[in-house]
Amino acid sequence: MTTYAFPTLSRPPNNMVVEYRSNTDIFRSPITGAIQTADRGGEHIAATLTYNSLETADRALLIGFLAKMNGQQHRVTLPFFGVDNQGSFGGTPIVNGASQTGLTLNIDGASNNITGWIKAGDVFSVNGEMKIATADANSNGSGQVTLSFSPRLRSSPPDSDPIETTAPTGVFMLSNPTQTWNYRPGDFSDFVLNFFEDIAS
C-alpha cells in the first residue's frame with residue numbers, strides 16, 4: 001500500500017460534500033422503551049468530490065490518478081477543498097507534549113493572547129488526521145492553546161508535530177473498488193469521487 005498525493009488540477013472540484021460518520025448505536029429496552037447509546041469509536045470524515053466538464057490535461061491527470069489508486073489498494077492525502085476557517089490563528093502551532101489521546105490536544109507556538117485563535121467548525125490536521133474543532137479556544141500569553149475537536153485522535157501525535165490550519169489534509173481511501181467517468185460531446189468528462197478516512201493509517 002502506498003499513500004499518494006492528490007493530483008494538482010487547474011481548478012478545485014465543482015462541489016465537495018463532507019460527511020461526519022459516527023460509529024454509535026442505540027439500544028432500546030423492549031420493556032420500558034428507555035434508550036442507551038454506545039460510542040464504539042472509529043468516527044471519521046468522508047468526502048464526495050464532483051468535477052464537471054474536465055478536459056485535456058486535468059482529465060488525464062485524474063484518470064491516471066484513479067488508475068494508480070487501483071480501487072481500494074492505495075491511499076491518498078486528500079486536501080479539504082474550500083476550507084473557510086474563521087479562527088484568527090497565527091504563529092507556528094505545534095503539538096505540546098507526547099502521548100496525548102482523545103478529543104483534546106495541547107499545542108504551543110501559536111500567536112500570544114489571541115481571542116478566538118480557533119473557532120468551532122474550523123478544520124485542521126495533525127499527524128495525518130483531519131479534525132473539526134468543536135469549541136472556540138484562545139491562546140494564552142505563552143502561545144499555548146487547548147484544542148477540542150472530533151474525530152478523536154487515532155494515534156498520539158509526536159511532540160512538536162505541526163498543526164496545519166491553512167491547508168488541512170487527511171489520509172483517505174476510495175469508497176468503491178470501481179471508478180467511472182463519462183465522455184460528452186465537446187470532449188468533456190465528469191467525475192464523482194467518493195472517499196473516506198482510513199482510520200488505521
# chains A, B, ... in the order shown; residues from 1 in each chain; ligands from 1
>>> residues_around(residues="range 128-132 of chain A", least_positions_apart="3", cutoff="8 Å", atoms="only C-alpha atoms", output="ChimeraX atom specification")
/A:45,120-125,149-154,168-171
>>> write_last_selection(atoms="all heavy atoms", output="compact mmCIF listing (two decimals), in the first residue's frame")
# COMPACT_ATOMS: atom_id res chain seq x y z
N ILE A 45 -14.24 11.08 8.81
CA ILE A 45 -14.77 12.02 7.81
C ILE A 45 -14.77 11.34 6.45
O ILE A 45 -13.85 10.60 6.10
CB ILE A 45 -13.92 13.30 7.79
CG1 ILE A 45 -14.06 14.03 9.14
CG2 ILE A 45 -14.33 14.22 6.64
CD1 ILE A 45 -13.10 15.19 9.31
N ALA A 120 -15.10 27.06 16.63
CA ALA A 120 -15.86 25.82 16.39
C ALA A 120 -16.22 25.72 14.91
O ALA A 120 -16.66 26.70 14.30
CB ALA A 120 -17.11 25.79 17.25
N GLY A 121 -16.00 24.56 14.34
CA GLY A 121 -16.26 24.34 12.93
C GLY A 121 -15.05 24.49 12.05
O GLY A 121 -15.08 24.09 10.88
N ASP A 122 -13.96 25.06 12.57
CA ASP A 122 -12.73 25.15 11.81
C ASP A 122 -12.14 23.76 11.59
O ASP A 122 -12.30 22.86 12.43
CB ASP A 122 -11.70 26.03 12.52
CG ASP A 122 -12.01 27.51 12.45
OD1 ASP A 122 -12.90 27.89 11.66
OD2 ASP A 122 -11.37 28.29 13.17
N VAL A 123 -11.47 23.58 10.47
CA VAL A 123 -10.86 22.30 10.12
C VAL A 123 -9.35 22.44 10.19
O VAL A 123 -8.77 23.42 9.71
CB VAL A 123 -11.29 21.85 8.72
CG1 VAL A 123 -10.65 20.52 8.35
CG2 VAL A 123 -12.81 21.75 8.62
N PHE A 124 -8.70 21.46 10.82
CA PHE A 124 -7.24 21.44 10.87
C PHE A 124 -6.78 19.99 10.77
O PHE A 124 -7.59 19.05 10.82
CB PHE A 124 -6.70 22.10 12.14
CG PHE A 124 -7.01 21.35 13.41
CD1 PHE A 124 -6.10 20.46 13.96
CD2 PHE A 124 -8.21 21.56 14.08
CE1 PHE A 124 -6.37 19.77 15.14
CE2 PHE A 124 -8.51 20.88 15.26
CZ PHE A 124 -7.58 19.98 15.78
N SER A 125 -5.50 19.80 10.58
CA SER A 125 -4.98 18.44 10.56
C SER A 125 -3.73 18.34 11.41
O SER A 125 -2.99 19.32 11.60
CB SER A 125 -4.68 17.98 9.12
OG SER A 125 -3.80 18.85 8.45
N PHE A 149 -11.95 18.89 19.61
CA PHE A 149 -12.23 18.52 18.23
C PHE A 149 -12.84 17.12 18.17
O PHE A 149 -12.91 16.39 19.16
CB PHE A 149 -10.93 18.54 17.40
CG PHE A 149 -9.83 17.72 18.03
CD1 PHE A 149 -9.75 16.36 17.81
CD2 PHE A 149 -8.90 18.31 18.87
CE1 PHE A 149 -8.76 15.59 18.42
CE2 PHE A 149 -7.91 17.56 19.47
CZ PHE A 149 -7.84 16.20 19.26
N SER A 150 -13.23 16.76 16.97
CA SER A 150 -13.65 15.40 16.63
C SER A 150 -13.39 15.25 15.13
O SER A 150 -13.40 16.26 14.41
CB SER A 150 -15.13 15.21 16.95
OG SER A 150 -15.49 13.85 16.93
N PRO A 151 -13.11 14.06 14.65
CA PRO A 151 -12.96 12.78 15.34
C PRO A 151 -11.80 12.77 16.33
O PRO A 151 -10.88 13.58 16.22
CB PRO A 151 -12.68 11.79 14.19
CG PRO A 151 -13.15 12.49 12.95
CD PRO A 151 -12.93 13.93 13.20
N ARG A 152 -11.85 11.84 17.27
CA ARG A 152 -10.80 11.72 18.28
C ARG A 152 -9.49 11.30 17.63
O ARG A 152 -9.46 10.75 16.51
CB ARG A 152 -11.22 10.72 19.35
CG ARG A 152 -11.14 9.26 18.92
CD ARG A 152 -11.89 8.36 19.87
NE ARG A 152 -13.32 8.51 19.66
CZ ARG A 152 -14.25 8.01 20.48
NH1 ARG A 152 -13.89 7.33 21.57
NH2 ARG A 152 -15.52 8.19 20.23
N LEU A 153 -8.40 11.54 18.32
CA LEU A 153 -7.09 11.12 17.84
C LEU A 153 -7.04 9.60 17.71
O LEU A 153 -7.42 8.88 18.63
CB LEU A 153 -5.99 11.59 18.79
CG LEU A 153 -5.72 13.10 18.82
CD1 LEU A 153 -4.81 13.45 20.01
CD2 LEU A 153 -5.06 13.56 17.52
N ARG A 154 -6.58 9.14 16.57
CA ARG A 154 -6.46 7.70 16.37
C ARG A 154 -5.10 7.18 16.83
O ARG A 154 -4.94 5.99 17.11
CB ARG A 154 -6.68 7.37 14.89
CG ARG A 154 -8.09 7.70 14.44
CD ARG A 154 -8.37 7.16 13.06
NE ARG A 154 -7.69 7.89 12.02
CZ ARG A 154 -8.17 8.97 11.42
NH1 ARG A 154 -9.34 9.46 11.79
NH2 ARG A 154 -7.49 9.57 10.46
N PRO A 168 -5.45 21.95 5.49
CA PRO A 168 -5.56 20.67 6.20
C PRO A 168 -5.79 19.51 5.23
O PRO A 168 -6.44 19.65 4.20
CB PRO A 168 -6.77 20.87 7.12
CG PRO A 168 -7.56 21.97 6.49
CD PRO A 168 -6.57 22.86 5.82
N THR A 169 -5.24 18.37 5.59
CA THR A 169 -5.38 17.16 4.79
C THR A 169 -5.62 15.98 5.71
O THR A 169 -5.39 16.05 6.93
CB THR A 169 -4.12 16.88 3.95
OG1 THR A 169 -3.01 16.70 4.83
CG2 THR A 169 -3.83 18.02 2.97
N GLY A 170 -6.05 14.88 5.13
CA GLY A 170 -6.17 13.62 5.85
C GLY A 170 -5.83 12.49 4.90
O GLY A 170 -5.74 12.67 3.68
N VAL A 171 -5.63 11.31 5.46
CA VAL A 171 -5.32 10.13 4.64
C VAL A 171 -6.63 9.40 4.37
O VAL A 171 -7.28 8.92 5.30
CB VAL A 171 -4.30 9.22 5.34
CG1 VAL A 171 -4.04 7.97 4.50
CG2 VAL A 171 -3.00 9.98 5.60
>>> residues_around(residues="Thr180 in chain A", least_positions_apart="2", cutoff="12 Å", atoms="only C-alpha atoms", output="PyMOL selection string")
chain A and resi 62-63+66-67+71+176-178+182-183+189-194
>>> closest_residue(among="A:Thr92, A:Thr8, A:Thr77, A:Thr2", to="Glu197 in chain A", atoms="only C-alpha atoms")
A:Thr77
>>> residues_around(residues="Gly87 in chain A", least_positions_apart="5", cutoff="9 Å", atoms="only C-alpha atoms", output="VMD selection string")
chain A and resid 115 to 120 122 136 to 137
>>> write_last_selection(atoms="N, CA, C and O atoms", output="short mmCIF file (atom, residue, chain, number, x, y, z; two decimals), in the first residue's frame")
data_model
loop_
_atom_site.label_atom_id
_atom_site.label_comp_id
_atom_site.auth_asym_id
_atom_site.auth_seq_id
_atom_site.Cartn_x
_atom_site.Cartn_y
_atom_site.Cartn_z
N THR A 115 -7.75 36.03 21.10
CA THR A 115 -9.11 35.57 21.36
C THR A 115 -9.67 34.95 20.09
O THR A 115 -9.60 35.53 19.01
N GLY A 116 -10.22 33.76 20.23
CA GLY A 116 -10.72 33.07 19.05
C GLY A 116 -9.62 32.61 18.13
O GLY A 116 -9.75 32.70 16.90
N TRP A 117 -8.52 32.12 18.73
CA TRP A 117 -7.42 31.61 17.88
C TRP A 117 -7.97 30.54 16.94
O TRP A 117 -7.60 30.48 15.78
N ILE A 118 -8.86 29.68 17.45
CA ILE A 118 -9.58 28.72 16.62
C ILE A 118 -11.05 28.81 16.99
O ILE A 118 -11.39 29.13 18.13
N LYS A 119 -11.90 28.58 15.99
CA LYS A 119 -13.35 28.67 16.20
C LYS A 119 -13.99 27.31 15.94
O LYS A 119 -13.51 26.52 15.12
N ALA A 120 -15.10 27.06 16.63
CA ALA A 120 -15.86 25.82 16.39
C ALA A 120 -16.22 25.72 14.91
O ALA A 120 -16.66 26.70 14.30
N ASP A 122 -13.96 25.06 12.57
CA ASP A 122 -12.73 25.15 11.81
C ASP A 122 -12.14 23.76 11.59
O ASP A 122 -12.30 22.86 12.43
N ASP A 136 -14.64 27.01 20.48
CA ASP A 136 -13.68 28.11 20.34
C ASP A 136 -12.58 27.94 21.37
O ASP A 136 -12.81 27.39 22.46
N ALA A 137 -11.39 28.42 21.05
CA ALA A 137 -10.29 28.39 22.02
C ALA A 137 -9.38 29.58 21.79
O ALA A 137 -9.15 30.00 20.64
#
>>> residues_around(residues="Arg11 in chain A", least_positions_apart="2", cutoff="12 Å", atoms="only C-alpha atoms", output="VMD selection string")
chain A and resid 7 to 9 13 to 15 50 to 55 57 to 59 81 to 82
>>> write_last_selection(atoms="C-alpha atoms", output="mmCIF file, in the first residue's frame")
data_model
loop_
_atom_site.group_PDB
_atom_site.id
_atom_site.type_symbol
_atom_site.label_atom_id
_atom_site.label_comp_id
_atom_site.auth_asym_id
_atom_site.auth_seq_id
_atom_site.Cartn_x
_atom_site.Cartn_y
_atom_site.Cartn_z
ATOM 1 C CA PRO A 7 -3.279 15.439 -8.302
ATOM 2 C CA THR A 8 -2.933 19.201 -8.708
ATOM 3 C CA LEU A 9 -5.617 20.217 -11.183
ATOM 4 C CA PRO A 13 -13.890 20.450 -7.598
ATOM 5 C CA ASN A 14 -17.235 21.951 -8.549
ATOM 6 C CA ASN A 15 -18.659 20.531 -5.347
ATOM 7 C CA THR A 50 -17.625 16.300 -8.097
ATOM 8 C CA TYR A 51 -15.776 17.568 -11.149
ATOM 9 C CA ASN A 52 -17.890 18.739 -14.062
ATOM 10 C CA SER A 53 -16.628 19.199 -17.605
ATOM 11 C CA LEU A 54 -12.973 18.327 -17.138
ATOM 12 C CA GLU A 55 -10.966 18.216 -20.334
ATOM 13 C CA ALA A 57 -4.710 17.810 -19.083
ATOM 14 C CA ASP A 58 -6.962 17.858 -15.988
ATOM 15 C CA ARG A 59 -8.934 14.859 -17.188
ATOM 16 C CA PHE A 81 -11.026 21.958 -0.619
ATOM 17 C CA GLY A 82 -12.525 25.373 0.008
#
>>> residues_around(residues="Gly90 in chain A", least_positions_apart="4", cutoff="12 Å", atoms="only C-alpha atoms", output="PyMOL selection string")
chain A and resi 94+108-118+138-139+143-145+163-166
>>> write_last_selection(atoms="N, CA and C atoms", output="compact mmCIF listing (two decimals), in the first residue's frame")
# COMPACT_ATOMS: atom_id res chain seq x y z
N ILE A 94 2.38 23.89 17.09
CA ILE A 94 2.90 22.52 17.14
C ILE A 94 2.34 21.81 18.37
N ASP A 108 1.37 24.47 21.39
CA ASP A 108 2.00 25.76 21.65
C ASP A 108 2.56 26.28 20.33
N GLY A 109 3.23 27.42 20.39
CA GLY A 109 3.74 28.04 19.17
C GLY A 109 2.74 28.93 18.48
N ALA A 110 1.54 29.07 19.05
CA ALA A 110 0.54 29.97 18.48
C ALA A 110 0.88 31.42 18.84
N SER A 111 0.32 32.36 18.10
CA SER A 111 0.47 33.77 18.47
C SER A 111 -0.10 33.99 19.87
N ASN A 112 0.54 34.86 20.63
CA ASN A 112 0.16 35.06 22.03
C ASN A 112 -1.14 35.86 22.17
N ASN A 113 -1.93 35.47 23.18
CA ASN A 113 -3.10 36.24 23.62
C ASN A 113 -4.07 36.55 22.48
N ILE A 114 -4.44 35.54 21.73
CA ILE A 114 -5.39 35.72 20.65
C ILE A 114 -6.75 35.17 21.07
N THR A 115 -7.75 36.03 21.10
CA THR A 115 -9.11 35.57 21.36
C THR A 115 -9.67 34.95 20.09
N GLY A 116 -10.22 33.76 20.23
CA GLY A 116 -10.72 33.07 19.05
C GLY A 116 -9.62 32.61 18.13
N TRP A 117 -8.52 32.12 18.73
CA TRP A 117 -7.42 31.61 17.88
C TRP A 117 -7.97 30.54 16.94
N ILE A 118 -8.86 29.68 17.45
CA ILE A 118 -9.58 28.72 16.62
C ILE A 118 -11.05 28.81 16.99
N ASN A 138 -8.89 30.15 22.89
CA ASN A 138 -7.98 31.28 22.85
C ASN A 138 -6.56 30.83 23.13
N SER A 139 -5.60 31.59 22.66
CA SER A 139 -4.20 31.34 23.03
C SER A 139 -3.85 32.17 24.26
N GLY A 143 1.44 31.47 24.09
CA GLY A 143 1.13 30.86 22.80
C GLY A 143 0.61 29.44 22.90
N GLN A 144 0.05 29.09 24.06
CA GLN A 144 -0.49 27.75 24.25
C GLN A 144 -2.01 27.75 24.04
N VAL A 145 -2.52 26.68 23.45
CA VAL A 145 -3.95 26.54 23.20
C VAL A 145 -4.32 25.08 23.47
N ILE A 163 0.72 21.63 13.42
CA ILE A 163 -0.72 21.74 13.28
C ILE A 163 -0.99 22.52 11.99
N GLU A 164 -1.70 21.93 11.06
CA GLU A 164 -1.97 22.57 9.77
C GLU A 164 -3.37 23.15 9.75
N THR A 165 -3.46 24.48 9.60
CA THR A 165 -4.77 25.15 9.61
C THR A 165 -5.12 25.78 8.27
N THR A 166 -4.13 26.05 7.43
CA THR A 166 -4.41 26.72 6.15
C THR A 166 -4.70 25.74 5.02
>>> atom_distance(atom1="CA of Tyr4 in chain A", atom2="CA of Gln73 in chain A")
11.3 Å
>>> select_by_dssp(residues="range 118-191 of chain A", states="strand (DSSP E or B)", output="PyMOL selection string")
chain A and resi 118+123-126+129-133+137+145-153+162-164+169-174+181+184+188-191
>>> write_last_selection(atoms="N, CA, C and O atoms", output="compact mmCIF listing (two decimals), in the first residue's frame")
# COMPACT_ATOMS: atom_id res chain seq x y z
N ILE A 118 -8.86 29.68 17.45
CA ILE A 118 -9.58 28.72 16.62
C ILE A 118 -11.05 28.81 16.99
O ILE A 118 -11.39 29.13 18.13
N VAL A 123 -11.47 23.58 10.47
CA VAL A 123 -10.86 22.30 10.12
C VAL A 123 -9.35 22.44 10.19
O VAL A 123 -8.77 23.42 9.71
N PHE A 124 -8.70 21.46 10.82
CA PHE A 124 -7.24 21.44 10.87
C PHE A 124 -6.78 19.99 10.77
O PHE A 124 -7.59 19.05 10.82
N SER A 125 -5.50 19.80 10.58
CA SER A 125 -4.98 18.44 10.56
C SER A 125 -3.73 18.34 11.41
O SER A 125 -2.99 19.32 11.60
N VAL A 126 -3.53 17.13 11.94
CA VAL A 126 -2.36 16.83 12.75
C VAL A 126 -2.05 15.36 12.58
O VAL A 126 -2.97 14.52 12.53
N GLU A 129 -4.16 13.28 10.28
CA GLU A 129 -5.57 13.11 10.60
C GLU A 129 -6.29 14.44 10.47
O GLU A 129 -5.80 15.47 10.93
N MET A 130 -7.48 14.43 9.86
CA MET A 130 -8.28 15.63 9.71
C MET A 130 -9.22 15.76 10.90
O MET A 130 -9.85 14.80 11.32
N LYS A 131 -9.32 17.00 11.44
CA LYS A 131 -10.12 17.25 12.64
C LYS A 131 -11.03 18.45 12.43
O LYS A 131 -10.69 19.38 11.70
N ILE A 132 -12.18 18.44 13.12
CA ILE A 132 -13.11 19.56 13.13
C ILE A 132 -13.18 20.09 14.55
O ILE A 132 -13.50 19.35 15.49
N ALA A 133 -12.88 21.39 14.73
CA ALA A 133 -12.93 21.99 16.06
C ALA A 133 -14.37 22.01 16.56
O ALA A 133 -15.29 22.35 15.83
N ALA A 137 -11.39 28.42 21.05
CA ALA A 137 -10.29 28.39 22.02
C ALA A 137 -9.38 29.58 21.79
O ALA A 137 -9.15 30.00 20.64
N VAL A 145 -2.52 26.68 23.45
CA VAL A 145 -3.95 26.54 23.20
C VAL A 145 -4.32 25.08 23.47
O VAL A 145 -3.54 24.17 23.19
N THR A 146 -5.51 24.87 24.01
CA THR A 146 -6.06 23.52 24.12
C THR A 146 -7.16 23.39 23.09
O THR A 146 -8.19 24.08 23.16
N LEU A 147 -6.93 22.53 22.10
CA LEU A 147 -7.90 22.32 21.03
C LEU A 147 -8.89 21.24 21.42
O LEU A 147 -8.51 20.19 21.95
N SER A 148 -10.16 21.48 21.15
CA SER A 148 -11.21 20.48 21.31
C SER A 148 -11.75 20.16 19.92
O SER A 148 -12.02 21.08 19.14
N PHE A 149 -11.95 18.89 19.61
CA PHE A 149 -12.23 18.52 18.23
C PHE A 149 -12.84 17.12 18.17
O PHE A 149 -12.91 16.39 19.16
N SER A 150 -13.23 16.76 16.97
CA SER A 150 -13.65 15.40 16.63
C SER A 150 -13.39 15.25 15.13
O SER A 150 -13.40 16.26 14.41
N PRO A 151 -13.11 14.06 14.65
CA PRO A 151 -12.96 12.78 15.34
C PRO A 151 -11.80 12.77 16.33
O PRO A 151 -10.88 13.58 16.22
N ARG A 152 -11.85 11.84 17.27
CA ARG A 152 -10.80 11.72 18.28
C ARG A 152 -9.49 11.30 17.63
O ARG A 152 -9.46 10.75 16.51
N LEU A 153 -8.40 11.54 18.32
CA LEU A 153 -7.09 11.12 17.84
C LEU A 153 -7.04 9.60 17.71
O LEU A 153 -7.42 8.88 18.63
N PRO A 162 3.61 19.43 13.62
CA PRO A 162 2.92 20.67 13.21
C PRO A 162 1.41 20.53 13.15
O PRO A 162 0.87 19.45 12.87
N ILE A 163 0.72 21.63 13.42
CA ILE A 163 -0.72 21.74 13.28
C ILE A 163 -0.99 22.52 11.99
O ILE A 163 -0.54 23.66 11.86
N GLU A 164 -1.70 21.93 11.06
CA GLU A 164 -1.97 22.57 9.77
C GLU A 164 -3.37 23.15 9.75
O GLU A 164 -4.36 22.42 9.89
N THR A 169 -5.24 18.37 5.59
CA THR A 169 -5.38 17.16 4.79
C THR A 169 -5.62 15.98 5.71
O THR A 169 -5.39 16.05 6.93
N GLY A 170 -6.05 14.88 5.13
CA GLY A 170 -6.17 13.62 5.85
C GLY A 170 -5.83 12.49 4.90
O GLY A 170 -5.74 12.67 3.68
N VAL A 171 -5.63 11.31 5.46
CA VAL A 171 -5.32 10.13 4.64
C VAL A 171 -6.63 9.40 4.37
O VAL A 171 -7.28 8.92 5.30
N PHE A 172 -6.99 9.32 3.09
CA PHE A 172 -8.28 8.78 2.67
C PHE A 172 -8.08 7.61 1.71
O PHE A 172 -6.99 7.42 1.15
N MET A 173 -9.15 6.87 1.52
CA MET A 173 -9.17 5.80 0.52
C MET A 173 -10.47 5.92 -0.27
O MET A 173 -11.44 6.55 0.19
N LEU A 174 -10.48 5.37 -1.47
CA LEU A 174 -11.70 5.38 -2.27
C LEU A 174 -12.76 4.50 -1.63
O LEU A 174 -12.46 3.43 -1.08
N TRP A 181 -16.19 7.32 -15.26
CA TRP A 181 -16.31 8.68 -15.75
C TRP A 181 -16.90 8.60 -17.15
O TRP A 181 -16.93 7.54 -17.76
N ARG A 184 -18.37 13.32 -22.94
CA ARG A 184 -19.51 14.02 -23.54
C ARG A 184 -19.08 14.79 -24.78
O ARG A 184 -17.90 15.13 -24.93
N PHE A 188 -15.60 16.61 -23.10
CA PHE A 188 -15.65 16.86 -21.67
C PHE A 188 -15.91 15.56 -20.92
O PHE A 188 -16.55 14.65 -21.44
N SER A 189 -15.45 15.51 -19.66
CA SER A 189 -15.72 14.36 -18.79
C SER A 189 -16.14 14.84 -17.41
O SER A 189 -15.68 15.88 -16.93
N ASP A 190 -17.02 14.07 -16.79
CA ASP A 190 -17.48 14.34 -15.43
C ASP A 190 -17.04 13.21 -14.51
O ASP A 190 -17.03 12.04 -14.91
N PHE A 191 -16.69 13.58 -13.27
CA PHE A 191 -16.21 12.61 -12.28
C PHE A 191 -16.94 12.84 -10.96
O PHE A 191 -17.14 13.98 -10.55
>>> closest_residue(among="A:Ser155, A:Ile107, A:Gly64, A:Ala5", to="Pro79 in chain A", atoms="only C-alpha atoms")
A:Ala5
>>> atom_distance(atom1="CA of Gly41 in chain A", atom2="CA of Pro157 in chain A")
17.9 Å
>>> atom_distance(atom1="CA of Glu43 in chain A", atom2="CA of Ser29 in chain A")
25.2 Å
>>> closest_residue(among="A:Ala135, A:His44, A:Met1, A:Ala98", to="Arg21 in chain A", atoms="only C-alpha atoms")
A:His44
>>> residues_around(residues="Val95 in chain A", least_positions_apart="3", cutoff="6 Å", atoms="only C-alpha atoms", output="number ranges by chain")
A: 107, 159-161
>>> write_last_selection(atoms="all heavy atoms", output="PDB file, in the first residue's frame")
ATOM      1  N   ILE A 107      -1.410  22.419  22.443  1.00  0.00           N
ATOM      2  CA  ILE A 107      -0.426  22.871  21.471  1.00  0.00           C
ATOM      3  C   ILE A 107       0.238  24.137  21.984  1.00  0.00           C
ATOM      4  O   ILE A 107      -0.253  24.798  22.909  1.00  0.00           O
ATOM      5  CB  ILE A 107      -1.062  23.126  20.086  1.00  0.00           C
ATOM      6  CG1 ILE A 107      -1.985  24.349  20.129  1.00  0.00           C
ATOM      7  CG2 ILE A 107      -1.826  21.888  19.609  1.00  0.00           C
ATOM      8  CD1 ILE A 107      -2.448  24.818  18.758  1.00  0.00           C
ATOM      9  N   ASP A 159       5.511  14.858  19.926  1.00  0.00           N
ATOM     10  CA  ASP A 159       5.767  16.209  20.411  1.00  0.00           C
ATOM     11  C   ASP A 159       6.351  17.045  19.279  1.00  0.00           C
ATOM     12  O   ASP A 159       7.178  16.577  18.495  1.00  0.00           O
ATOM     13  CB  ASP A 159       6.743  16.157  21.595  1.00  0.00           C
ATOM     14  CG  ASP A 159       6.953  17.512  22.221  1.00  0.00           C
ATOM     15  OD1 ASP A 159       5.998  18.314  22.250  1.00  0.00           O
ATOM     16  OD2 ASP A 159       8.084  17.779  22.696  1.00  0.00           O
ATOM     17  N   SER A 160       5.883  18.283  19.166  1.00  0.00           N
ATOM     18  CA  SER A 160       6.335  19.261  18.157  1.00  0.00           C
ATOM     19  C   SER A 160       5.843  18.954  16.749  1.00  0.00           C
ATOM     20  O   SER A 160       6.297  19.564  15.787  1.00  0.00           O
ATOM     21  CB  SER A 160       7.867  19.394  18.157  1.00  0.00           C
ATOM     22  OG  SER A 160       8.334  19.849  19.420  1.00  0.00           O
ATOM     23  N   ASP A 161       4.908  18.007  16.605  1.00  0.00           N
ATOM     24  CA  ASP A 161       4.316  17.755  15.298  1.00  0.00           C
ATOM     25  C   ASP A 161       3.512  18.991  14.883  1.00  0.00           C
ATOM     26  O   ASP A 161       2.793  19.575  15.690  1.00  0.00           O
ATOM     27  CB  ASP A 161       3.396  16.539  15.381  1.00  0.00           C
ATOM     28  CG  ASP A 161       3.087  15.945  14.021  1.00  0.00           C
ATOM     29  OD1 ASP A 161       4.031  15.705  13.260  1.00  0.00           O
ATOM     30  OD2 ASP A 161       1.902  15.703  13.731  1.00  0.00           O
TER      31      ASP A 161
END
>>> select_by_dssp(residues="chain A", states="alpha helix (DSSP H)", output="ChimeraX atom specification")
/A:56-69
>>> write_last_selection(atoms="all heavy atoms", output="compact mmCIF listing (two decimals), in the first residue's frame")
# COMPACT_ATOMS: atom_id res chain seq x y z
N THR A 56 -8.91 17.63 -21.38
CA THR A 56 -7.49 17.57 -21.70
C THR A 56 -6.63 17.22 -20.50
O THR A 56 -6.76 16.15 -19.94
CB THR A 56 -7.04 18.90 -22.36
OG1 THR A 56 -7.30 19.99 -21.49
CG2 THR A 56 -7.77 19.13 -23.67
N ALA A 57 -5.73 18.14 -20.09
CA ALA A 57 -4.71 17.81 -19.08
C ALA A 57 -5.32 17.43 -17.74
O ALA A 57 -4.88 16.47 -17.09
CB ALA A 57 -3.75 18.98 -18.91
N ASP A 58 -6.34 18.18 -17.28
CA ASP A 58 -6.96 17.86 -15.99
C ASP A 58 -7.59 16.47 -16.01
O ASP A 58 -7.46 15.70 -15.07
CB ASP A 58 -8.02 18.90 -15.63
CG ASP A 58 -7.42 20.18 -15.07
OD1 ASP A 58 -6.23 20.16 -14.69
OD2 ASP A 58 -8.14 21.19 -15.01
N ARG A 59 -8.29 16.17 -17.08
CA ARG A 59 -8.93 14.86 -17.19
C ARG A 59 -7.89 13.74 -17.17
O ARG A 59 -8.05 12.73 -16.48
CB ARG A 59 -9.76 14.78 -18.46
CG ARG A 59 -10.39 13.41 -18.67
CD ARG A 59 -11.33 13.40 -19.86
NE ARG A 59 -10.66 13.77 -21.09
CZ ARG A 59 -11.30 14.19 -22.18
NH1 ARG A 59 -12.61 14.31 -22.17
NH2 ARG A 59 -10.63 14.49 -23.27
N ALA A 60 -6.82 13.93 -17.93
CA ALA A 60 -5.77 12.91 -17.97
C ALA A 60 -5.15 12.70 -16.60
O ALA A 60 -4.88 11.56 -16.20
CB ALA A 60 -4.70 13.30 -18.99
N LEU A 61 -4.89 13.79 -15.85
CA LEU A 61 -4.32 13.67 -14.51
C LEU A 61 -5.23 12.85 -13.60
O LEU A 61 -4.77 11.99 -12.84
CB LEU A 61 -4.08 15.05 -13.91
CG LEU A 61 -2.82 15.80 -14.34
CD1 LEU A 61 -2.84 17.22 -13.78
CD2 LEU A 61 -1.57 15.07 -13.88
N LEU A 62 -6.53 13.14 -13.66
CA LEU A 62 -7.45 12.47 -12.76
C LEU A 62 -7.63 11.00 -13.15
O LEU A 62 -7.69 10.12 -12.28
CB LEU A 62 -8.80 13.19 -12.75
CG LEU A 62 -9.68 13.00 -11.52
CD1 LEU A 62 -8.90 13.22 -10.23
CD2 LEU A 62 -10.88 13.93 -11.58
N ILE A 63 -7.69 10.71 -14.44
CA ILE A 63 -7.78 9.32 -14.87
C ILE A 63 -6.54 8.54 -14.46
O ILE A 63 -6.62 7.41 -13.96
CB ILE A 63 -8.00 9.25 -16.39
CG1 ILE A 63 -9.40 9.77 -16.75
CG2 ILE A 63 -7.82 7.82 -16.90
CD1 ILE A 63 -9.64 9.90 -18.23
N GLY A 64 -5.37 9.15 -14.66
CA GLY A 64 -4.13 8.49 -14.24
C GLY A 64 -4.09 8.23 -12.75
O GLY A 64 -3.63 7.18 -12.29
N PHE A 65 -4.58 9.20 -11.97
CA PHE A 65 -4.62 9.05 -10.51
C PHE A 65 -5.52 7.89 -10.12
O PHE A 65 -5.15 7.04 -9.28
CB PHE A 65 -5.10 10.34 -9.87
CG PHE A 65 -5.56 10.20 -8.45
CD1 PHE A 65 -4.64 10.01 -7.43
CD2 PHE A 65 -6.91 10.24 -8.13
CE1 PHE A 65 -5.07 9.87 -6.11
CE2 PHE A 65 -7.34 10.10 -6.83
CZ PHE A 65 -6.42 9.92 -5.81
N LEU A 66 -6.71 7.80 -10.71
CA LEU A 66 -7.64 6.73 -10.37
C LEU A 66 -7.07 5.36 -10.73
O LEU A 66 -7.23 4.39 -9.98
CB LEU A 66 -8.98 6.96 -11.06
CG LEU A 66 -9.79 8.16 -10.56
CD1 LEU A 66 -11.01 8.37 -11.43
CD2 LEU A 66 -10.18 7.99 -9.10
N ALA A 67 -6.40 5.29 -11.88
CA ALA A 67 -5.79 4.01 -12.26
C ALA A 67 -4.68 3.64 -11.29
O ALA A 67 -4.52 2.48 -10.91
CB ALA A 67 -5.24 4.11 -13.68
N LYS A 68 -3.91 4.64 -10.84
CA LYS A 68 -2.82 4.38 -9.90
C LYS A 68 -3.33 3.93 -8.54
O LYS A 68 -2.71 3.09 -7.87
CB LYS A 68 -1.97 5.66 -9.76
CG LYS A 68 -0.76 5.52 -8.87
CD LYS A 68 0.17 6.73 -9.02
CE LYS A 68 -0.48 8.02 -8.59
NZ LYS A 68 0.49 9.15 -8.62
N MET A 69 -4.48 4.46 -8.12
CA MET A 69 -5.05 4.07 -6.84
C MET A 69 -5.48 2.60 -6.83
O MET A 69 -5.55 1.99 -5.76
CB MET A 69 -6.25 4.97 -6.50
CG MET A 69 -5.87 6.39 -6.13
SD MET A 69 -5.08 6.52 -4.50
CE MET A 69 -6.49 6.26 -3.43
